[in-house]
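Take a look at the structure below.
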Amino acid sequence: MTRPANLFADLPAHANTEHFTTLLDNPHCRVERIVSFGQTSPDGFWYDQAWDEWVLLLTGAAELDLDGRMVALAPGDHLMIPAGQRHRITKTDASSPTIWLAIHLGSSTDS
């Protein structure tokens with residue numbers, strides 16, 4: 001019998017880097033759990049992906065810059081980032097883990 005997995009199990013200890021865990025990966029969809037501890041995108045760095053990405057903030061707090069439009073996220077907030085939308089992380093909660101669920105739709109392994 002298959003045991004269920006839990007998104008909040010086996011969380012990494014507080015760290016200086018984000019932790020990415022692939023939960024599902026197939027040619028059409030990749031699902032990741034991302035755990036942040038106050039990390040942000042480096043100055044001048046932008047994600048500019050060739051696929052759509054849907055993100056859900058599970059715990060903590062975050063702020064995204066969507067090519068000049070600032071978007072604050074609280075637990076339960078979710079957002080579709082369309083392919084080609086430049087974005088970067090400008091803030092995550094440093095006092096507790098910020099846990100994201102990211103679903104990459106389409107050819108997420110092509111770039």
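Residue names in the structure tokens use chain letters A, B, ... in the order shown, residue numbers from 1 in each chain, and ligand numbers from 1 in the order shown.
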
Problem - Polymer residues at most 12 Å from stretch 53-57 of chain A, only C-alpha atoms, same-chain spacing of 3 or more positions, as a ChimeraX atom specification - result: /A:28-36,47-50,60-64,72-87,92-93,97-108

Exercise for the section: Using DSSP on the backbone coordinates, identify all residues within stretch 30-107 of chain A classified as strand (DSSP E or B); present the result as number ranges by chain. Expected result: A: 30-36, 47, 52-59, 62-66, 69-73, 78-81, 87-92, 98-105

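Using only C-alpha atoms for every distance, the candidate list A:Pro27, A:Lys91, A:Thr21, A:Val71 yields A:Thr21 as the residue closest to A:Ala9.
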
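With atom CA of A:Ser95 on one side and atom CA of A:Asp67 on the other, the separation reads 26.8 Å.
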
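When atom CA of A:Phe45 is paired with atom CA of A:Arg88, their separation reads 7.1 Å.
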
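Between A:Asp65 and the residues A:Phe20, A:Asp52, A:Pro12, A:Thr40, the shortest atom-to-atom distance, using only C-alpha atoms, involves A:Thr40.
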
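For the pair atom CA of A:Glu18 and atom CA of A:Gly44, the separation is 18.2 Å.
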